[in-house]
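Data block below; observations after.
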2 protein chains.
Amino acid sequence: MNHMLSEIRQQPDVVRNILRNELEGVQALADEIKRRKIAFAYVAARGTSDNAAHYFKYLFEIEHGIPVAIAAPSVFTVYDAVPHLGEHAFVLGISQSGEAPDVIAVIQRAKEAGALTACVTNTPTSQLAQVADYCLHIGAGEEIGIAASKTYTGSMACLALLSTALSPERPDRLEFLRRAADAMEASLGLDEAIHMLVERYKDMQGCVVIGRGYNQCTAMETALKITETSCISAQSYGAAEFQHGPIAQVNTGLPVILFAPEGRTFKAMADLATKLRDQHPALICISHDAAFLAGSETAIRVPKAVQEWVSPMVYAVAGQLIAYWLSLSKGLDPDTPRGIEKVTKTV
Amino acid sequence: MNHMLSEIRQQPDVVRNILRNELEGVQALADEIKRRKIAFAYVAARGTSDNAAHYFKYLFEIEHGIPVAIAAPSVFTVYDAVPHLGEHAFVLGISQSGEAPDVIAVIQRAKEAGALTACVTNTPTSQLAQVADYCLHIGAGEEIGIAASKTYTGSMACLALLSTALSPERPDRLEFLRRAADAMEASLGLDEAIHMLVERYKDMQGCVVIGRGYNQCTAMETALKITETSCISAQSYGAAEFQHGPIAQVNTGLPVILFAPEGRTFKAMADLATKLRDQHPALICISHDAAFLAGSETAIRVPKAVQEWVSPMVYAVAGQLIAYWLSLSKGLDPDTPRGIEKVTKTV
């Protein structure tokens with residue numbers, strides 16, 4: 001077995017370990033967020049971690065009412081500017097290696113400006129961990145596959161746990177997180193079904209991946225995994241954004257992957273599937289809903305429904321497995337994507 | 001002549017009109033931003049307007065130190081949540097029609113929460129204009145082409161003028177804006193050269209468009225225009241983000257459009273061009289720099305260099321002309337893109 005599949009399979013335990021080991025550290029950060037009366041959050045990340053940052057944006061805006069800006073690190077590194085990030089700003093960096101120079105620069109400058117800083121990393125000895133006031137540890141063990149998997153869902157688990165610590169009035173949220181780990185485990189059982197489904201798409205040169213709301217990050221991460229491991233153009237969109245122009249590219253046979261999980265976005269995604277059928281794309285639908293999937297050409301049924309705010313961890317698994325098997329069906333090695341290294345350093 | 005080309009050509013005058021007519025209204029908003037001691041900005045927009053929102057993010061963070069969050073409107077409309085946007089928040093909606101329900105919802109909720117609200121629109125009688133505290137008028141006249149052009153650069157001109165009004169200590173900024181309108185006019189002279197260059201790409205099924213910093217929006221908007229009017233997959237990336245995974249899709253002959261304008265991002269873009277050549281893509285470089293372009297397979301030289309903060313208005317013209325001529329070379333009508341309407345209403 002190669003590293004990517006092995007690491008995909010480790011994910012439920014990575015999440016369970018985070019729930020067991022990180023609650024104390026996360027609680028200290030949650031208390032400080034409350035004490036400081038944080039007015040807005042600002043998050044810096046690149047690549048897969050940037051997709052986890054988009055999860056953080058939905059989570060904190062919806063569950064905690066804290067507006068979240070995704071940083072453009074070049075503002076700090078290329079333009080040498082420092083937006084005003086004072087004591088009421090919570091500035092978060094996400095980097096599995098903890099060595100991303102641009103993410104470190106944002107946290108460093110924000111700390112100097114008096115902001116509350118934290119990081120999510122798989123490398124607690126890293127420079128990022130040393131610079132940030134608080135560090136949430138993914139604790140996933142070394143990730144060898146260049147296409148990140150367990151550090152992605154692990155980052156989301158750290159952030160979901162932080163959200164739980166900010167909501168002591170809802171102690172059942174920890175239980176919902178545990179159930180998400182179980183649902184991830186159940187989703188690993190899709191392995192062979194996805195392997196067979198993907199075979200018919202092995203000649204695809206490009207595809208579109210669409211999600212909405214909490215699972216926009218799932219579409220972004222699935223597209224990134226497919227691009228990295230299959231060396232093709234996979235492009236992600238939010239469902240609303242997609243209808244403001246990019247929908248023009250849909251034509252007969254274009255593979256379109258739709259994530260339609262349980263929760264508030266389900267109806268919008270089902271409506272979009274209906275609208276798209278006019279153009280006859282090859283729809284690949286991933287959902288918990290048997291009735292919806294019964295009308296889909298290619299259906300992947302996620303076996304366990306969970307609360308929507310934790311669903312991106314569960315649906316990520318299906319996306320990773322699609323990328324993994326597509327890469328193998330193309331005769332490629334998903335562990336060694338073309339032109340990229342495990343730690344990409346940009347400024 | 002069809003509407004798209006006609007409207008592309010109107011852009012220098014649209015910008016000049018904004019500089020002449022909108023300074024007073026913009027100054028009132030700038031004064032209120034200062035009086036309120038705005039701590040952060042929050043901007044809602046869709047489609048082309050969302051690309052103008054990304055320009056706003058760089059402009060306000062770099063020039064004014066105001067952190068900017070790009071809204072995920074579904075937080076408000078699908079999840080019925082309202083992030084805390086109080087009196088120190090500046091909330092901006094951008095919509096040429098002023099009828100985007102999700103953008104209106106964000107402004108409405110923010111106003112109720114006590115935030116300072118404003119809009120940029122081409123329709124001063126619209127619902128958006130009525131809801132917002134302040135309205136910046138694009139004043140471009142009716143835009144008939146479904147692929148927006150003059151309302152895009154017009155939106156940026158309104159925002160650049162607002163930036164100028166926030167900087168009374170730098171009165172020369174208004175002159176730099178006027179020069180940008182002249183440079184846009186000069187760029188219209190690229191029309192025939194781009195027409196001829198694009199012919200060799202008429203069979204392209206997809207491409208990648210890359211920018212950085214201020215001109216990340218130029219890459220986003222060029223990719224959107226190409227997708228809309230040529231019905232193919234054009235995908236945009238920031239130059240740093242691109243190297244964190246998506247670079248794996250580059251192979252021999254893949255058209256890659258690179259924007260390398262004057263200013264702080266020039267070196268990074270030139271370095272990326274060098275790195276990409278190892279994979280032998282068909283590089284289409286757009287720059288002011290003759291030496292850099294001399295080494296490019298397909299070179300488009302923007303005739304007048306301007307200050308970097310206004311360059312997205314100038315480089316947008318080159319991107320629009322590429323999209324326009326590519327559409328015609330494919331035998332399509334750029335005025336009637338497949339599957340989209342002039343006013344897309346999403347919630």
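Here, A, B, ... name the chains of the structure tokens in the order displayed, residue numbers run from 1 inside each chain, and ligands are numbered from 1 in the same displayed order.
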**Q.** Residue list for chain A near chain B as a PyMOL selection string, 8 Å, only C-alpha atoms
**A.** chain A and resi 39+46-47+58+61-70+72+74-75+78-79+81-85+213+224+227-233+235+240-241+243-250+264-265+337-340+344+346-347
Residues from last step as file, C-alpha atoms, as a PDB file, in the first residue's frame:
```pdb
ATOM      1  CA  ALA A  39     -14.040  41.326  17.066  1.00  0.00           C
ATOM      2  CA  ARG A  46      -1.654  27.888   1.783  1.00  0.00           C
ATOM      3  CA  GLY A  47      -2.683  24.895  -0.294  1.00  0.00           C
ATOM      4  CA  TYR A  58     -17.915  29.102   7.919  1.00  0.00           C
ATOM      5  CA  GLU A  61     -19.086  32.994  11.343  1.00  0.00           C
ATOM      6  CA  ILE A  62     -22.061  30.627  11.635  1.00  0.00           C
ATOM      7  CA  GLU A  63     -21.496  29.165  15.092  1.00  0.00           C
ATOM      8  CA  HIS A  64     -19.839  32.093  16.855  1.00  0.00           C
ATOM      9  CA  GLY A  65     -20.695  35.203  14.859  1.00  0.00           C
ATOM     10  CA  ILE A  66     -17.021  36.107  14.508  1.00  0.00           C
ATOM     11  CA  PRO A  67     -16.310  37.589  11.047  1.00  0.00           C
ATOM     12  CA  VAL A  68     -13.379  35.819   9.407  1.00  0.00           C
ATOM     13  CA  ALA A  69     -11.000  37.204   6.780  1.00  0.00           C
ATOM     14  CA  ILE A  70      -8.787  34.854   4.795  1.00  0.00           C
ATOM     15  CA  ALA A  72      -3.609  37.333   1.351  1.00  0.00           C
ATOM     16  CA  SER A  74       1.534  38.718  -0.093  1.00  0.00           C
ATOM     17  CA  VAL A  75       0.095  41.862   1.519  1.00  0.00           C
ATOM     18  CA  VAL A  78       5.469  41.287  -1.038  1.00  0.00           C
ATOM     19  CA  TYR A  79       3.964  44.680  -0.201  1.00  0.00           C
ATOM     20  CA  ALA A  81       2.130  46.197   4.641  1.00  0.00           C
ATOM     21  CA  VAL A  82       0.589  45.299   7.982  1.00  0.00           C
ATOM     22  CA  PRO A  83      -3.181  45.577   8.267  1.00  0.00           C
ATOM     23  CA  HIS A  84      -4.251  46.840  11.698  1.00  0.00           C
ATOM     24  CA  LEU A  85      -4.550  43.672  13.741  1.00  0.00           C
ATOM     25  CA  GLY A 213     -21.441  26.506   2.512  1.00  0.00           C
ATOM     26  CA  LEU A 224      -6.804  20.137  -5.295  1.00  0.00           C
ATOM     27  CA  THR A 227      -5.127  18.074  -9.662  1.00  0.00           C
ATOM     28  CA  GLU A 228      -2.132  17.068  -7.547  1.00  0.00           C
ATOM     29  CA  THR A 229      -2.381  13.316  -7.939  1.00  0.00           C
ATOM     30  CA  SER A 230      -3.869  13.011 -11.458  1.00  0.00           C
ATOM     31  CA  CYS A 231      -2.081  16.021 -12.993  1.00  0.00           C
ATOM     32  CA  ILE A 232      -5.280  17.289 -14.600  1.00  0.00           C
ATOM     33  CA  SER A 233      -7.319  20.457 -14.278  1.00  0.00           C
ATOM     34  CA  GLN A 235     -11.677  23.201 -10.744  1.00  0.00           C
ATOM     35  CA  ALA A 240     -23.813  30.089  -6.153  1.00  0.00           C
ATOM     36  CA  GLU A 241     -20.557  31.399  -7.626  1.00  0.00           C
ATOM     37  CA  GLN A 243     -24.003  30.021 -11.584  1.00  0.00           C
ATOM     38  CA  HIS A 244     -22.499  33.498 -12.008  1.00  0.00           C
ATOM     39  CA  GLY A 245     -20.551  32.582 -15.145  1.00  0.00           C
ATOM     40  CA  PRO A 246     -18.498  29.373 -14.820  1.00  0.00           C
ATOM     41  CA  ILE A 247     -21.565  27.237 -15.555  1.00  0.00           C
ATOM     42  CA  ALA A 248     -20.979  28.179 -19.218  1.00  0.00           C
ATOM     43  CA  GLN A 249     -18.223  25.530 -19.436  1.00  0.00           C
ATOM     44  CA  VAL A 250     -20.590  22.602 -18.750  1.00  0.00           C
ATOM     45  CA  ARG A 264     -29.046  23.375   4.943  1.00  0.00           C
ATOM     46  CA  THR A 265     -27.274  23.253   1.582  1.00  0.00           C
ATOM     47  CA  PRO A 337       2.868  14.460  -7.793  1.00  0.00           C
ATOM     48  CA  ARG A 338       4.588  16.254 -10.631  1.00  0.00           C
ATOM     49  CA  GLY A 339       6.335  19.504  -9.822  1.00  0.00           C
ATOM     50  CA  ILE A 340       5.516  19.760  -6.121  1.00  0.00           C
ATOM     51  CA  THR A 344       6.299  24.323  -0.533  1.00  0.00           C
ATOM     52  CA  THR A 346       6.469  30.687  -0.957  1.00  0.00           C
ATOM     53  CA  VAL A 347       6.776  34.260   0.236  1.00  0.00           C
TER      54      VAL A 347
END
```
Q) CA of Arg173 (chain A) and CA of Asp133 (chain A) are how many Å apart? A)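 For CA of Arg173 (chain A) relative to CA of Asp133 (chain A), the distance reads 25.6 Å.
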Q: Select, from A:Val131, A:Val209, A:Leu166, A:Ile286, the residue with the minimum atom-to-atom distance to Leu254 (chain A), counting only C-alpha atoms.
A: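 Of A:Val131, A:Val209, A:Leu166, A:Ile286, the one nearest Leu254 (chain A), counting only C-alpha atoms, is A:Val209.
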(Q) So that I can see what lies close to Ala305 (chain A), please list as a list in words the residues with an atom at most 8 Å from it, counting only C-alpha atoms and leaving out residues fewer than 6 positions away in the same chain. (A)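 Close residues of Ala305 (chain A): Ala183, Pro261, Glu262, His288 and Ser311 of chain A.
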Export, as a short mmCIF file (atom, residue, chain, number, x, y, z; two decimals), in the first residue's frame, the selected residues with all heavy atoms.
```
data_model
loop_
_atom_site.label_atom_id
_atom_site.label_comp_id
_atom_site.auth_asym_id
_atom_site.auth_seq_id
_atom_site.Cartn_x
_atom_site.Cartn_y
_atom_site.Cartn_z
N ALA A 183 -18.17 8.21 11.48
CA ALA A 183 -18.68 8.32 10.11
C ALA A 183 -17.53 8.33 9.10
O ALA A 183 -17.66 7.81 7.98
CB ALA A 183 -19.54 9.56 9.95
N PRO A 261 -24.34 17.04 0.88
CA PRO A 261 -24.46 16.41 2.20
C PRO A 261 -25.75 16.83 2.91
O PRO A 261 -26.45 17.75 2.46
CB PRO A 261 -23.24 16.94 2.94
CG PRO A 261 -22.97 18.26 2.31
CD PRO A 261 -23.41 18.15 0.87
N GLU A 262 -26.02 16.18 4.00
CA GLU A 262 -27.13 16.51 4.87
C GLU A 262 -26.99 17.95 5.35
O GLU A 262 -25.89 18.44 5.53
CB GLU A 262 -27.12 15.57 6.08
CG GLU A 262 -25.77 15.41 6.80
CD GLU A 262 -24.84 14.37 6.19
OE1 GLU A 262 -25.03 14.02 5.00
OE2 GLU A 262 -23.91 13.93 6.88
N HIS A 288 -25.69 11.64 1.33
CA HIS A 288 -26.25 10.67 2.26
C HIS A 288 -27.63 10.22 1.79
O HIS A 288 -28.18 9.25 2.31
CB HIS A 288 -26.42 11.34 3.62
CG HIS A 288 -27.49 12.39 3.56
ND1 HIS A 288 -27.38 13.50 2.74
CD2 HIS A 288 -28.71 12.48 4.13
CE1 HIS A 288 -28.47 14.24 2.84
NE2 HIS A 288 -29.29 13.65 3.68
N SER A 311 -19.61 17.68 8.90
CA SER A 311 -19.66 16.86 7.68
C SER A 311 -18.45 17.04 6.76
O SER A 311 -18.10 16.08 6.05
CB SER A 311 -20.96 17.13 6.92
OG SER A 311 -21.01 18.45 6.44
#
```
Q | Using only C-alpha atoms: which of B:Arg179, B:His195, B:Lys111, B:Arg277 has the shortest distance to Gln130 (chain B) | A |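 Nearest to Gln130 (chain B): B:Lys111.
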Q | Expected answer as a VMD selection string: strand (DSSP E) residues in region 32-175 of chain A | A | chain A and resid 40 to 45 68 to 70 89 to 94 116 to 121 134 to 137
Dump N, CA, C and O atoms for the selected residues as a tab-separated table (two decimals), in the first residue's frame?
```
chain	number	residue	atom	x	y	z
A	40	PHE	N	-12.86	40.17	15.30
A	40	PHE	CA	-12.79	39.45	14.02
A	40	PHE	C	-11.55	38.56	13.99
A	40	PHE	O	-10.63	38.74	14.78
A	41	ALA	N	-11.60	37.58	13.10
A	41	ALA	CA	-10.49	36.64	12.95
A	41	ALA	C	-9.88	36.81	11.57
A	41	ALA	O	-10.53	37.26	10.62
A	42	TYR	N	-8.61	36.42	11.49
A	42	TYR	CA	-7.83	36.63	10.28
A	42	TYR	C	-6.96	35.38	10.16
A	42	TYR	O	-6.21	35.05	11.07
A	43	VAL	N	-7.07	34.65	9.05
A	43	VAL	CA	-6.42	33.34	8.98
A	43	VAL	C	-5.53	33.23	7.75
A	43	VAL	O	-5.93	33.59	6.64
A	44	ALA	N	-4.32	32.78	7.97
A	44	ALA	CA	-3.33	32.64	6.90
A	44	ALA	C	-2.99	31.17	6.70
A	44	ALA	O	-2.71	30.46	7.66
A	45	ALA	N	-2.99	30.73	5.46
A	45	ALA	CA	-2.70	29.33	5.13
A	45	ALA	C	-2.50	29.21	3.63
A	45	ALA	O	-2.90	30.09	2.87
A	68	VAL	N	-14.69	36.41	9.71
A	68	VAL	CA	-13.38	35.82	9.41
A	68	VAL	C	-12.89	36.30	8.05
A	68	VAL	O	-13.59	36.17	7.04
A	69	ALA	N	-11.67	36.85	8.03
A	69	ALA	CA	-11.00	37.20	6.78
A	69	ALA	C	-9.93	36.17	6.48
A	69	ALA	O	-9.19	35.76	7.37
A	70	ILE	N	-9.88	35.72	5.23
A	70	ILE	CA	-8.79	34.85	4.80
A	70	ILE	C	-7.66	35.78	4.33
A	70	ILE	O	-7.87	36.63	3.47
A	89	ALA	N	-8.20	41.35	17.52
A	89	ALA	CA	-8.10	40.45	16.37
A	89	ALA	C	-7.52	39.10	16.81
A	89	ALA	O	-6.60	39.05	17.62
A	90	PHE	N	-8.09	38.03	16.28
A	90	PHE	CA	-7.57	36.68	16.50
A	90	PHE	C	-6.96	36.23	15.18
A	90	PHE	O	-7.67	36.10	14.18
A	91	VAL	N	-5.65	36.02	15.18
A	91	VAL	CA	-4.96	35.71	13.93
A	91	VAL	C	-4.42	34.28	13.99
A	91	VAL	O	-3.64	33.94	14.89
A	92	LEU	N	-4.86	33.49	13.02
A	92	LEU	CA	-4.59	32.05	13.03
A	92	LEU	C	-3.75	31.68	11.81
A	92	LEU	O	-4.04	32.12	10.70
A	93	GLY	N	-2.74	30.86	12.01
A	93	GLY	CA	-1.96	30.31	10.90
A	93	GLY	C	-2.15	28.80	10.86
A	93	GLY	O	-2.12	28.14	11.90
A	94	ILE	N	-2.34	28.25	9.68
A	94	ILE	CA	-2.48	26.79	9.54
A	94	ILE	C	-1.40	26.31	8.59
A	94	ILE	O	-1.30	26.79	7.47
A	116	LEU	N	-4.11	38.47	19.21
A	116	LEU	CA	-4.05	37.12	19.77
A	116	LEU	C	-3.71	36.17	18.62
A	116	LEU	O	-4.42	36.15	17.61
A	117	THR	N	-2.63	35.41	18.75
A	117	THR	CA	-2.21	34.54	17.64
A	117	THR	C	-2.25	33.07	18.05
A	117	THR	O	-2.05	32.72	19.21
A	118	ALA	N	-2.52	32.23	17.08
A	118	ALA	CA	-2.53	30.78	17.30
A	118	ALA	C	-2.17	30.10	16.00
A	118	ALA	O	-2.24	30.70	14.93
A	119	CYS	N	-1.79	28.83	16.12
A	119	CYS	CA	-1.53	28.07	14.90
A	119	CYS	C	-2.11	26.67	15.04
A	119	CYS	O	-2.34	26.19	16.15
A	120	VAL	N	-2.34	26.06	13.90
A	120	VAL	CA	-2.68	24.64	13.81
A	120	VAL	C	-1.56	24.01	13.01
A	120	VAL	O	-1.29	24.43	11.88
A	121	THR	N	-0.86	23.04	13.60
A	121	THR	CA	0.28	22.44	12.89
A	121	THR	C	0.47	21.00	13.32
A	121	THR	O	0.05	20.59	14.41
A	134	TYR	N	-0.59	30.47	20.90
A	134	TYR	CA	-1.20	29.18	21.20
A	134	TYR	C	-0.98	28.25	20.02
A	134	TYR	O	-0.95	28.69	18.87
A	135	CYS	N	-0.83	26.96	20.32
A	135	CYS	CA	-0.60	25.99	19.25
A	135	CYS	C	-1.56	24.82	19.41
A	135	CYS	O	-1.63	24.18	20.46
A	136	LEU	N	-2.34	24.55	18.37
A	136	LEU	CA	-3.20	23.36	18.35
A	136	LEU	C	-2.46	22.29	17.56
A	136	LEU	O	-2.09	22.50	16.41
A	137	HIS	N	-2.24	21.15	18.21
A	137	HIS	CA	-1.43	20.09	17.60
A	137	HIS	C	-2.32	19.10	16.87
A	137	HIS	O	-3.23	18.53	17.47
```
